[in-house]
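Data block for run_27.txt (compact mmCIF, C-alpha atoms):
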```txt
# COMPACT_ATOMS: atom_id res chain seq x y z
CA MET A 1 -0.16 -11.24 -28.64
CA ALA A 2 -2.42 -8.63 -30.18
CA PRO A 3 -2.45 -5.23 -28.46
CA LEU A 4 -4.95 -4.90 -25.66
CA THR A 5 -7.98 -2.69 -26.08
CA LEU A 6 -8.41 0.11 -23.56
CA LEU A 7 -10.92 -1.78 -21.41
CA ALA A 8 -8.95 -5.00 -21.57
CA ALA A 9 -5.85 -3.08 -20.55
CA VAL A 10 -7.72 -1.77 -17.56
CA ALA A 11 -8.97 -5.24 -16.77
CA THR A 12 -5.44 -6.56 -16.90
CA LEU A 13 -4.80 -4.69 -13.69
CA MET A 14 -8.19 -4.56 -12.11
CA VAL A 15 -9.06 -8.22 -12.30
CA GLN A 16 -5.84 -9.12 -10.60
CA ILE A 17 -6.54 -6.78 -7.76
CA VAL A 18 -9.93 -7.88 -6.68
CA LEU A 19 -11.63 -10.68 -8.52
CA SER A 20 -11.46 -12.46 -5.22
CA SER A 21 -14.19 -14.85 -4.27
CA SER A 22 -17.08 -12.79 -2.94
CA CYS A 23 -19.05 -15.77 -1.72
CA ARG A 24 -16.28 -18.28 -1.12
CA GLY A 25 -13.37 -18.61 1.26
CA ASN A 26 -13.06 -18.11 4.98
CA SER A 27 -16.24 -16.97 6.68
CA SER A 28 -14.51 -15.69 9.82
CA GLY A 29 -14.89 -12.14 11.02
CA ILE A 30 -17.64 -9.59 10.47
CA PRO A 31 -19.77 -10.59 7.44
CA LYS A 32 -19.47 -8.50 4.31
CA PRO A 33 -22.61 -6.31 4.03
CA LEU A 34 -24.96 -6.70 1.10
CA GLU A 35 -24.31 -3.15 -0.11
CA PHE A 36 -20.56 -3.74 -0.35
CA ARG A 37 -21.13 -7.09 -2.07
CA LYS A 38 -23.33 -5.38 -4.66
CA LEU A 39 -20.60 -2.84 -5.44
CA GLU A 40 -17.99 -5.60 -5.63
CA HIS A 41 -20.20 -7.70 -7.91
CA GLN A 42 -20.78 -4.71 -10.21
CA TYR A 43 -17.05 -4.19 -10.43
CA GLN A 44 -16.46 -7.86 -11.21
CA ALA A 45 -19.17 -7.96 -13.85
CA ASN A 46 -17.78 -4.88 -15.62
CA ILE A 47 -14.27 -6.31 -15.55
CA LEU A 48 -15.35 -9.66 -16.97
CA ARG A 49 -17.30 -7.94 -19.75
CA SER A 50 -14.19 -5.98 -20.69
CA LEU A 51 -11.97 -9.04 -21.18
CA GLY A 52 -10.90 -9.98 -24.68
CA THR A 53 -9.44 -13.16 -26.12
CA ASP A 54 -5.83 -11.95 -25.96
CA GLY A 55 -3.73 -10.51 -23.15
CA CYS A 56 -5.64 -10.66 -19.91
CA THR A 57 -8.25 -13.41 -19.96
CA LYS A 58 -9.98 -15.52 -17.35
CA LYS A 59 -7.19 -18.07 -17.75
CA THR A 60 -4.23 -15.68 -17.57
CA MET A 61 -5.33 -13.13 -14.99
CA ARG A 62 -3.81 -13.05 -11.52
CA ILE A 63 -6.15 -12.82 -8.57
CA ARG A 64 -5.44 -11.15 -5.26
CA LYS A 65 -7.28 -12.49 -2.22
CA SER A 66 -7.69 -11.58 1.41
CA TRP A 67 -4.78 -12.86 3.52
CA ASP A 68 -7.43 -14.60 5.62
CA ASP A 69 -8.67 -16.54 2.59
CA VAL A 70 -5.24 -17.65 1.38
CA ASP A 71 -4.27 -21.20 2.32
CA PHE A 72 -1.58 -21.84 4.92
CA ALA A 73 0.98 -23.11 2.39
CA THR A 74 0.70 -19.94 0.28
CA ARG A 75 0.90 -17.68 3.33
CA THR A 76 3.99 -19.53 4.50
CA ASP A 77 5.58 -19.25 1.06
CA TYR A 78 4.84 -15.53 0.91
CA VAL A 79 6.66 -15.00 4.22
CA ARG A 80 9.53 -17.11 2.91
CA ALA A 81 9.77 -14.99 -0.23
CA VAL A 82 9.80 -11.73 1.76
CA LYS A 83 12.67 -13.08 3.85
CA CYS A 84 14.36 -14.22 0.65
CA LEU A 85 14.40 -10.61 -0.59
CA ALA A 86 15.71 -9.53 2.81
CA ALA A 87 18.67 -11.90 2.28
CA LYS A 88 19.54 -10.55 -1.18
CA PRO A 89 21.98 -7.62 -1.46
CA THR A 90 20.76 -4.13 -2.25
CA LYS A 91 20.91 -2.71 -5.75
CA VAL A 92 20.76 0.91 -4.59
CA ASP A 93 23.84 3.08 -5.10
CA LYS A 94 25.40 3.12 -1.63
CA SER A 95 26.69 6.62 -2.19
CA ILE A 96 23.04 7.74 -2.32
CA ALA A 97 21.61 5.50 0.39
CA PRO A 98 24.48 4.14 2.49
CA GLY A 99 22.02 2.51 4.88
CA ALA A 100 20.48 0.23 2.26
CA VAL A 101 21.39 -3.40 2.96
CA ASN A 102 19.03 -5.67 1.03
CA ARG A 103 16.40 -5.81 -1.69
CA LEU A 104 13.61 -4.83 0.68
CA ASP A 105 15.60 -1.67 1.41
CA ASP A 106 15.60 -0.90 -2.32
CA PHE A 107 11.81 -0.57 -2.17
CA THR A 108 11.87 1.36 1.09
CA TRP A 109 14.46 3.74 -0.36
CA ILE A 110 12.53 4.73 -3.50
CA HIS A 111 9.36 5.21 -1.43
CA ASP A 112 11.36 7.36 1.00
CA ASN A 113 12.93 9.31 -1.85
CA GLN A 114 9.57 10.09 -3.52
CA THR A 115 7.36 10.57 -0.46
CA ASN A 116 6.64 14.29 -0.75
CA LEU A 117 5.50 13.76 -4.34
CA ILE A 118 3.40 10.61 -3.89
CA HIS A 119 1.31 11.33 -0.80
CA ILE A 120 -1.71 13.63 -0.59
CA SER A 121 -1.14 14.19 -4.29
CA GLY A 122 -2.55 13.26 -7.68
CA SER A 123 -0.01 10.48 -8.17
CA PHE A 124 -0.66 8.70 -4.87
CA LEU A 125 -2.87 5.89 -6.12
CA SER A 126 -1.12 5.30 -9.42
CA TRP A 127 2.40 5.35 -7.97
CA HIS A 128 1.56 2.92 -5.20
CA ARG A 129 -0.33 0.60 -7.57
CA ILE A 130 2.80 0.17 -9.67
CA PHE A 131 5.00 0.00 -6.56
CA VAL A 132 3.03 -2.94 -5.15
CA TRP A 133 3.13 -4.62 -8.55
CA GLN A 134 6.94 -4.21 -8.58
CA MET A 135 7.19 -5.92 -5.19
CA GLU A 136 4.92 -8.72 -6.38
CA ASP A 137 7.09 -9.12 -9.45
CA ALA A 138 10.27 -9.25 -7.33
CA LEU A 139 8.80 -11.88 -5.02
CA ARG A 140 7.86 -14.01 -8.01
CA ASN A 141 10.90 -13.53 -10.24
CA GLU A 142 13.67 -13.31 -7.65
CA CYS A 143 12.39 -15.60 -4.91
CA GLY A 144 10.14 -18.12 -6.64
CA TYR A 145 6.84 -17.08 -5.09
CA LYS A 146 3.94 -18.28 -7.26
CA GLY A 147 1.10 -16.20 -5.90
CA THR A 148 0.08 -12.56 -5.67
CA ILE A 149 0.25 -10.03 -2.85
CA PRO A 150 -2.88 -10.63 -0.76
CA TYR A 151 -4.72 -7.77 0.86
CA TRP A 152 -5.25 -6.97 4.54
CA ASP A 153 -9.00 -7.39 5.03
CA GLN A 154 -9.35 -4.77 7.79
CA ALA A 155 -13.13 -4.32 7.86
CA ARG A 156 -13.68 -8.01 8.50
CA PHE A 157 -11.78 -7.74 11.76
CA SER A 158 -12.17 -4.07 12.64
CA GLU A 159 -13.58 -4.79 16.10
CA ASP A 160 -10.73 -7.14 16.98
CA PRO A 161 -7.93 -6.88 14.39
CA LEU A 162 -5.79 -9.54 16.06
CA LYS A 163 -8.32 -12.17 15.00
CA SER A 164 -7.05 -11.72 11.44
CA LYS A 165 -4.42 -14.22 10.30
CA VAL A 166 -2.30 -11.20 9.28
CA PHE A 167 -1.18 -10.95 12.89
CA ASP A 168 -0.83 -14.61 13.86
CA ASN A 169 2.44 -16.32 14.73
CA SER A 170 2.81 -17.89 11.29
CA SER A 171 2.32 -14.63 9.39
CA PHE A 172 3.51 -11.16 10.44
CA GLY A 173 3.26 -11.37 14.23
CA GLY A 174 1.60 -8.86 16.49
CA ASP A 175 2.27 -5.65 18.38
CA GLY A 176 5.62 -4.39 19.55
CA GLU A 177 6.76 -4.89 23.11
CA PHE A 178 5.06 -2.37 25.40
CA LEU A 179 7.44 0.45 26.34
CA PRO A 180 6.06 2.61 29.18
CA ASP A 181 8.23 5.56 28.16
CA ASP A 182 8.04 5.18 24.36
CA HIS A 183 4.54 4.42 23.11
CA GLY A 184 3.37 7.95 22.25
CA PRO A 185 1.82 10.27 21.55
CA TYR A 186 4.54 11.62 19.27
CA ASN A 187 5.01 14.97 17.54
CA VAL A 188 6.50 14.54 14.08
CA THR A 189 7.91 17.12 11.64
CA ILE A 190 7.85 16.19 7.95
CA PRO A 191 11.20 16.79 6.23
CA GLY A 192 11.76 18.06 2.70
CA LEU A 193 9.06 20.74 2.53
CA ALA A 194 9.49 24.50 2.17
CA VAL A 195 7.46 25.06 5.36
CA ASN A 196 7.43 23.11 8.59
CA VAL A 197 4.50 20.71 8.81
CA SER A 198 3.96 18.88 12.08
CA ILE A 199 1.60 16.00 12.80
CA VAL A 200 0.77 14.00 15.91
CA ARG A 201 0.98 10.22 16.13
CA PRO A 202 -1.38 8.79 18.75
CA ALA A 203 -0.34 6.75 21.75
CA GLY A 204 -0.44 3.01 21.16
CA THR A 205 -0.14 -0.25 23.06
CA GLY A 206 3.42 -1.19 22.12
CA GLY A 207 6.30 0.94 20.91
CA GLY A 208 9.04 -1.68 20.97
CA CYS A 209 10.30 -4.58 18.89
CA VAL A 210 7.95 -7.16 17.40
CA LYS A 211 8.45 -10.22 19.58
CA ASP A 212 6.43 -12.98 17.93
CA GLY A 213 6.04 -14.59 14.54
CA PRO A 214 8.50 -14.82 11.63
CA PHE A 215 9.36 -11.12 11.88
CA ALA A 216 10.26 -11.09 15.57
CA ASN A 217 13.35 -8.88 15.95
CA PHE A 218 13.42 -8.48 12.14
CA GLN A 219 16.29 -6.19 11.21
CA ILE A 220 15.70 -2.98 9.26
CA SER A 221 18.15 -0.19 8.45
CA LEU A 222 16.70 2.88 6.68
CA GLY A 223 14.88 5.61 8.63
CA PRO A 224 13.09 6.48 10.72
CA THR A 225 12.04 9.92 9.56
CA ASP A 226 9.20 10.15 12.11
CA ARG A 227 11.02 12.54 14.43
CA GLU A 228 10.05 15.66 16.28
CA PHE A 229 13.00 17.57 14.85
CA ILE A 230 14.55 17.21 11.41
CA ASP A 231 18.15 16.02 11.39
CA PRO A 232 19.85 18.14 8.68
CA THR A 233 22.66 15.58 8.36
CA ASN A 234 20.26 12.67 7.76
CA LYS A 235 17.01 14.33 6.70
CA PHE A 236 15.44 11.30 5.03
CA GLY A 237 17.04 8.53 7.06
CA TYR A 238 19.33 7.24 4.32
CA ASN A 239 22.23 6.55 6.72
CA PRO A 240 22.71 3.12 8.33
CA ASN A 241 20.54 2.59 11.38
CA PRO A 242 20.32 -1.17 12.06
CA ARG A 243 17.51 -1.95 14.49
CA CYS A 244 14.51 -4.20 15.06
CA LEU A 245 11.11 -3.76 13.43
CA LYS A 246 8.77 -1.94 15.84
CA ARG A 247 4.99 -1.63 16.08
CA ASN A 248 2.65 0.37 18.31
CA PHE A 249 -0.95 -0.70 17.68
CA ASP A 250 -3.64 1.98 17.85
CA TYR A 251 -6.90 0.07 18.25
CA PRO A 252 -9.26 3.06 17.79
CA SER A 253 -7.93 3.44 14.25
CA SER A 254 -9.33 0.00 13.52
CA ARG A 255 -12.53 -0.02 15.57
CA ASP A 256 -13.65 3.51 14.70
CA PHE A 257 -12.53 3.84 11.08
CA MET A 258 -11.70 0.64 9.17
CA THR A 259 -15.29 -0.58 9.20
CA TRP A 260 -17.61 -1.96 6.54
CA GLU A 261 -19.64 1.24 6.83
CA ASN A 262 -16.62 3.32 5.83
CA ALA A 263 -15.57 0.84 3.14
CA ILE A 264 -18.99 1.39 1.54
CA LYS A 265 -18.56 5.17 1.79
CA ILE A 266 -15.25 4.81 -0.06
CA VAL A 267 -16.16 2.51 -2.96
CA GLY A 268 -19.67 3.95 -3.21
CA ALA A 269 -18.50 7.56 -3.59
CA SER A 270 -20.14 9.36 -6.51
CA ASP A 271 -17.08 11.38 -7.61
CA VAL A 272 -13.30 11.11 -7.51
CA VAL A 273 -12.74 13.90 -4.97
CA THR A 274 -15.12 12.34 -2.45
CA PHE A 275 -13.63 8.90 -3.13
CA TYR A 276 -10.06 10.08 -2.66
CA TRP A 277 -10.59 11.92 0.62
CA ASN A 278 -12.77 9.16 2.06
CA LEU A 279 -10.05 6.67 1.18
CA GLU A 280 -7.31 8.83 2.63
CA ASN A 281 -8.98 9.95 5.85
CA LEU A 282 -11.08 6.89 6.68
CA TRP A 283 -8.72 4.15 5.57
CA HIS A 284 -5.19 4.85 4.33
CA VAL A 285 -4.02 7.02 7.22
CA LYS A 286 -5.80 4.86 9.78
CA SER A 287 -4.30 1.64 8.41
CA HIS A 288 -0.77 2.97 8.90
CA GLN A 289 -1.75 4.54 12.21
CA PHE A 290 -2.99 1.21 13.52
CA LEU A 291 0.43 -0.36 12.89
CA GLY A 292 2.31 2.56 14.42
CA LYS A 293 6.09 3.04 14.75
CA ASP A 294 7.82 1.78 11.56
CA GLY A 295 4.50 1.07 9.84
CA VAL A 296 3.25 4.65 10.25
CA ASP A 297 6.45 6.43 9.19
CA LEU A 298 5.37 8.50 6.17
CA PHE A 299 8.68 7.95 4.39
CA THR A 300 9.94 4.51 5.40
CA SER A 301 6.72 2.60 6.20
CA PRO A 302 7.64 -0.16 3.68
CA ASN A 303 10.07 -1.31 6.38
CA ASP A 304 7.09 -3.16 7.86
CA PRO A 305 6.24 -6.05 5.50
CA ILE A 306 2.52 -5.54 6.23
CA PHE A 307 2.82 -2.34 4.14
CA TYR A 308 2.32 -4.32 0.94
CA LEU A 309 -0.86 -6.03 2.16
CA LEU A 310 -2.11 -2.65 3.36
CA HIS A 311 -1.56 -1.11 -0.07
CA SER A 312 -2.94 -4.14 -1.87
CA GLN A 313 -6.15 -3.31 -0.01
CA ILE A 314 -5.91 0.39 -0.95
CA ASP A 315 -5.50 -0.73 -4.56
CA ARG A 316 -8.49 -3.07 -4.19
CA LEU A 317 -10.75 -0.28 -2.96
CA TRP A 318 -9.62 1.97 -5.82
CA ALA A 319 -10.22 -0.84 -8.31
CA ILE A 320 -13.75 -1.45 -7.04
CA TRP A 321 -14.51 2.27 -7.29
CA GLN A 322 -13.02 2.50 -10.80
CA GLY A 323 -14.82 -0.67 -11.82
CA GLN A 324 -18.26 0.81 -11.26
CA ASN A 325 -17.74 2.72 -14.52
CA LEU A 326 -14.51 1.83 -16.29
CA GLU A 327 -14.94 4.25 -19.17
CA GLU A 328 -15.42 7.31 -16.95
CA ARG A 329 -13.34 6.48 -13.90
CA THR A 330 -10.22 4.75 -15.18
CA PHE A 331 -8.26 7.97 -15.68
CA GLU A 332 -9.94 10.21 -13.11
CA ILE A 333 -7.50 11.69 -10.58
CA THR A 334 -7.48 14.55 -8.11
CA GLY A 335 -4.73 16.36 -6.23
CA ASN A 336 -1.64 18.50 -6.48
CA ARG A 337 1.84 17.54 -7.59
CA THR A 338 3.31 17.66 -4.07
CA PHE A 339 2.20 16.87 -0.52
CA PHE A 340 -0.91 19.07 -0.02
CA GLY A 341 0.52 21.29 -2.78
CA ILE A 342 3.29 22.50 -0.44
CA PRO A 343 6.52 23.39 -2.30
CA LEU A 344 9.58 21.22 -1.74
CA ASP A 345 12.49 22.75 0.16
CA THR A 346 14.57 22.31 -3.01
CA ALA A 347 12.06 24.43 -4.99
CA PRO A 348 10.41 26.70 -2.43
CA ASN A 349 9.05 29.22 -4.94
CA VAL A 350 7.19 26.79 -7.20
CA PRO A 351 3.44 27.45 -6.82
CA PRO A 352 0.96 24.59 -6.30
CA SER A 353 -0.40 22.97 -9.46
CA ASN A 354 -2.81 20.14 -10.15
CA ALA A 355 -1.48 16.80 -11.32
CA THR A 356 -2.53 15.43 -14.70
CA ILE A 357 -2.55 11.87 -16.01
CA GLU A 358 0.35 12.80 -18.31
CA ASP A 359 2.63 13.61 -15.36
CA VAL A 360 5.73 11.41 -15.12
CA MET A 361 6.46 9.49 -11.92
CA ASN A 362 9.75 8.08 -10.64
CA LEU A 363 9.74 4.48 -9.46
CA GLY A 364 13.51 4.06 -9.49
CA TRP A 365 16.13 2.53 -11.73
CA GLY A 366 15.15 4.67 -14.69
CA TYR A 367 11.51 3.58 -14.68
CA THR A 368 9.37 6.69 -15.20
CA PRO A 369 5.77 5.77 -16.08
CA LYS A 370 3.02 8.35 -16.36
CA ILE A 371 0.16 8.59 -13.89
CA LYS A 372 -2.17 7.18 -16.55
CA ASP A 373 0.00 4.05 -16.79
CA GLY A 374 -0.74 3.23 -13.18
CA SER A 375 -4.43 3.84 -13.77
CA LYS A 376 -4.68 1.15 -16.44
CA TYR A 377 -1.35 -0.72 -16.72
CA HIS A 378 -0.48 -2.45 -19.94
CA GLN A 379 0.29 -5.90 -21.21
CA GLU A 380 4.07 -5.85 -20.93
CA LEU A 381 4.00 -4.65 -17.33
CA PHE A 382 1.32 -6.83 -16.01
CA ILE A 383 0.80 -10.18 -17.69
CA SER A 384 3.21 -12.60 -16.08
CA LEU A 385 2.37 -16.24 -16.60
```

The structure in this file should be written as structure tokens.
Amino acid sequence: MAPLTLLAAVATLMVQIVLSSSCRGNSSGIPKPLEFRKLEHQYQANILRSLGTDGCTKKTMRIRKSWDDVDFATRTDYVRAVKCLAAKPTKVDKSIAPGAVNRLDDFTWIHDNQTNLIHISGSFLSWHRIFVWQMEDALRNECGYKGTIPYWDQARFSEDPLKSKVFDNSSFGGDGEFLPDDHGPYNVTIPGLAVNVSIVRPAGTGGGCVKDGPFANFQISLGPTDREFIDPTNKFGYNPNPRCLKRNFDYPSSRDFMTWENAIKIVGASDVVTFYWNLENLWHVKSHQFLGKDGVDLFTSPNDPIFYLLHSQIDRLWAIWQGQNLEERTFEITGNRTFFGIPLDTAPNVPPSNATIEDVMNLGWGYTPKIKDGSKYHQELFISL
């Protein structure tokens, strides 16, 4: 194939993320407001105009849809493929991460390993975009899944999130068992930084093992790192810790934040700084916080399979924002090179510095793309027919 032009290269990624049917599909939940639909339509129109005759075209592009608009057979096959990866042995060096058991742990481990570089930083969006693509690729190439990673359509069900098919008994199941003495609030200290940073996790309605659906009593091993005190012998939770998947739903995070009003504030932001902080404070943090327990752990949140739908949605919102003006917004980033610019405990004297699109990221197994590669992708990474 001929090399992709810049805009077509961008479209290769962006179309896949969100050229979902704006006016088709399931009509359940809170209707999509006109203002959001206008922004989505503008994004779609710009993407379609950027397509060429080679590489990513209308015929070759992948399309991500809301989980609630995906048919039952595809949802069932997605769950099957996730469990297929959970049955395959880890590829991680056990001397580095002795707790890694399966292929899902491989993804959790590299996220854990890179956390203080890829959150509240300039690489956050780009790193996670590629990370979700890697999971999609593994589901397809290693477990025969034919689709894409759908997104969790939070705003549609913000008033009653359990009405979403994401949480039904054929998908990912619901809350964890209610534990009177272990449902929060929790004080958490973030490991790996040169200074102690503590955060508070809110009280939820569960705290225990997921008891329904295909992931009831689902076994995980790495983490948690969400602890009040850092364990110097197992700082990042790499040691074996077999246990069930836990959730602790925080309904205010959904009702008060993951609304259509806030979705419009995010994708309608006029500049990258406003976009980023709206996305982070109104959506990303609250999405994890709603799940609670394993799903809110800053380092090992990929332990909860909903993580990938959550970040498919984060990617979607970024794509819509970028797609309002592809030429100006494709490579716009903001942020430091570490978590809030705080030095790592392994390099405590390194001063804060702003990330650039030429910065190299680590996604494991020798794959070190630049931030700009996650902003646009390219043909070899993305087109998979």

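When all atoms listed in the file are used to measure the gap to Thr74 (chain A), the shortest distance among A:Phe107, A:Trp283, A:Tyr145, A:Tyr151 belongs to A:Tyr145.
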
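Contact shell of region 39-42 of chain A at 8 Å (all atoms listed in the file; same-chain neighbours under 3 positions omitted): Ser22, Glu35, Phe36, Ala45, Asn46, Val267, Gly268, Ile320, Gly323 and Gln324 of chain A.
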
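Here CA of Leu34 (chain A) is placed at a distance of 22.4 Å from CA of Lys163 (chain A).
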
Determine, using all atoms listed in the file, which residues of region 202-292 of chain A have any atom at most 10 Å from an atom of region 113-119 of chain A, and tabulate each with its shortest atom pair and distance in Å to one decimal place, rows ordered by chain and then rising number, as CSV.
```
residue,atom,partner,partner_atom,distance
A:Phe236,CA,A:Asn113,CA,7.6
A:Gly237,CA,A:Asn113,CA,9.8
A:Tyr238,CA,A:Asn113,CA,9.1
A:Glu280,CA,A:His119,CA,9.6
```

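With distances restricted to only C-alpha atoms, A:Asn169 is the closest residue to Val79 (chain A) from A:Asn262, A:Gln289, A:Thr189, A:Asn169.
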
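Among the candidate residues A:Asn196, A:Gln154, A:Ser253, A:Asn102, the one lying nearest to Lys83 (chain A) is A:Asn102, with distances computed using all atoms listed in the file.
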
List every protein, DNA or RNA residue with an atom no more than 6 Å from (17.0, 1.5, 7.7) in the file's coordinates, counting all atoms listed in the file, and format the result as a ChimeraX atom specification.
/A:99,220-223,240-241

Kindly export the residues of the current selection with C-alpha atoms, as an mmCIF file, keeping the file's coordinate frame.
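Writing the result to selection.cif gives the following:
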```
data_model
loop_
_atom_site.group_PDB
_atom_site.id
_atom_site.type_symbol
_atom_site.label_atom_id
_atom_site.label_comp_id
_atom_site.auth_asym_id
_atom_site.auth_seq_id
_atom_site.Cartn_x
_atom_site.Cartn_y
_atom_site.Cartn_z
ATOM 1 C CA GLY A 99 22.020 2.510 4.880
ATOM 2 C CA ILE A 220 15.700 -2.980 9.260
ATOM 3 C CA SER A 221 18.150 -0.190 8.450
ATOM 4 C CA LEU A 222 16.700 2.880 6.680
ATOM 5 C CA GLY A 223 14.880 5.610 8.630
ATOM 6 C CA PRO A 240 22.710 3.120 8.330
ATOM 7 C CA ASN A 241 20.540 2.590 11.380
#
```

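The spacing separating CA of Val285 (chain A) from CA of Pro31 (chain A) amounts to 23.6 Å.
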
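Residues surrounding Val188 (chain A) within 12 Å are Gly184, Pro185, Tyr186, Ile190, Pro191, Asn196, Val197, Ser198, Ile199, Val200, Arg201, Pro202, Pro224, Thr225, Asp226, Arg227, Glu228, Phe229, Ile230, Lys293, Val296, Asp297, Leu298 and Phe299 of chain A [only C-alpha atoms; sequence separation below 2 positions excluded].
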
Complete region 288-307 of chain A with N, CA and C atoms (output as an mmCIF file, in the coordinates of the input).
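Final output, out08.cif:
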```cif
data_model
loop_
_atom_site.group_PDB
_atom_site.id
_atom_site.type_symbol
_atom_site.label_atom_id
_atom_site.label_comp_id
_atom_site.auth_asym_id
_atom_site.auth_seq_id
_atom_site.Cartn_x
_atom_site.Cartn_y
_atom_site.Cartn_z
ATOM 1 N N HIS A 288 -2.154 2.762 8.442
ATOM 2 C CA HIS A 288 -0.770 2.970 8.900
ATOM 3 C C HIS A 288 -0.749 3.304 10.390
ATOM 4 N N GLN A 289 -1.712 4.115 10.817
ATOM 5 C CA GLN A 289 -1.750 4.540 12.210
ATOM 6 C C GLN A 289 -1.994 3.369 13.143
ATOM 7 N N PHE A 290 -2.782 2.402 12.696
ATOM 8 C CA PHE A 290 -2.990 1.210 13.520
ATOM 9 C C PHE A 290 -1.659 0.499 13.772
ATOM 10 N N LEU A 291 -0.847 0.340 12.736
ATOM 11 C CA LEU A 291 0.430 -0.360 12.890
ATOM 12 C C LEU A 291 1.388 0.419 13.776
ATOM 13 N N GLY A 292 1.446 1.727 13.606
ATOM 14 C CA GLY A 292 2.310 2.560 14.420
ATOM 15 C C GLY A 292 3.793 2.305 14.170
ATOM 16 N N LYS A 293 4.623 3.119 14.828
ATOM 17 C CA LYS A 293 6.090 3.040 14.750
ATOM 18 C C LYS A 293 6.558 2.929 13.296
ATOM 19 N N ASP A 294 7.256 1.848 12.917
ATOM 20 C CA ASP A 294 7.820 1.780 11.560
ATOM 21 C C ASP A 294 6.726 1.747 10.503
ATOM 22 N N GLY A 295 5.579 1.178 10.809
ATOM 23 C CA GLY A 295 4.500 1.070 9.840
ATOM 24 C C GLY A 295 3.755 2.363 9.584
ATOM 25 N N VAL A 296 3.934 3.375 10.443
ATOM 26 C CA VAL A 296 3.250 4.650 10.250
ATOM 27 C C VAL A 296 4.192 5.739 9.746
ATOM 28 N N ASP A 297 5.477 5.439 9.673
ATOM 29 C CA ASP A 297 6.450 6.430 9.190
ATOM 30 C C ASP A 297 6.125 6.793 7.748
ATOM 31 N N LEU A 298 5.818 8.053 7.494
ATOM 32 C CA LEU A 298 5.370 8.500 6.170
ATOM 33 C C LEU A 298 6.361 8.121 5.080
ATOM 34 N N PHE A 299 7.640 8.163 5.397
ATOM 35 C CA PHE A 299 8.680 7.950 4.390
ATOM 36 C C PHE A 299 9.121 6.492 4.297
ATOM 37 N N THR A 300 9.333 5.845 5.410
ATOM 38 C CA THR A 300 9.940 4.510 5.400
ATOM 39 C C THR A 300 8.996 3.414 5.889
ATOM 40 N N SER A 301 7.685 3.619 5.765
ATOM 41 C CA SER A 301 6.720 2.600 6.200
ATOM 42 C C SER A 301 6.856 1.253 5.479
ATOM 43 N N PRO A 302 7.435 1.170 4.257
ATOM 44 C CA PRO A 302 7.640 -0.160 3.680
ATOM 45 C C PRO A 302 8.598 -1.042 4.484
ATOM 46 N N ASN A 303 9.267 -0.472 5.495
ATOM 47 C CA ASN A 303 10.070 -1.310 6.380
ATOM 48 C C ASN A 303 9.252 -2.402 7.047
ATOM 49 N N ASP A 304 7.965 -2.132 7.292
ATOM 50 C CA ASP A 304 7.090 -3.160 7.860
ATOM 51 C C ASP A 304 6.492 -3.953 6.706
ATOM 52 N N PRO A 305 6.739 -5.268 6.640
ATOM 53 C CA PRO A 305 6.240 -6.050 5.500
ATOM 54 C C PRO A 305 4.721 -6.014 5.328
ATOM 55 N N ILE A 306 3.975 -5.634 6.375
ATOM 56 C CA ILE A 306 2.520 -5.540 6.230
ATOM 57 C C ILE A 306 2.141 -4.398 5.284
ATOM 58 N N PHE A 307 3.062 -3.460 5.056
ATOM 59 C CA PHE A 307 2.820 -2.340 4.140
ATOM 60 C C PHE A 307 2.208 -2.808 2.825
#
```
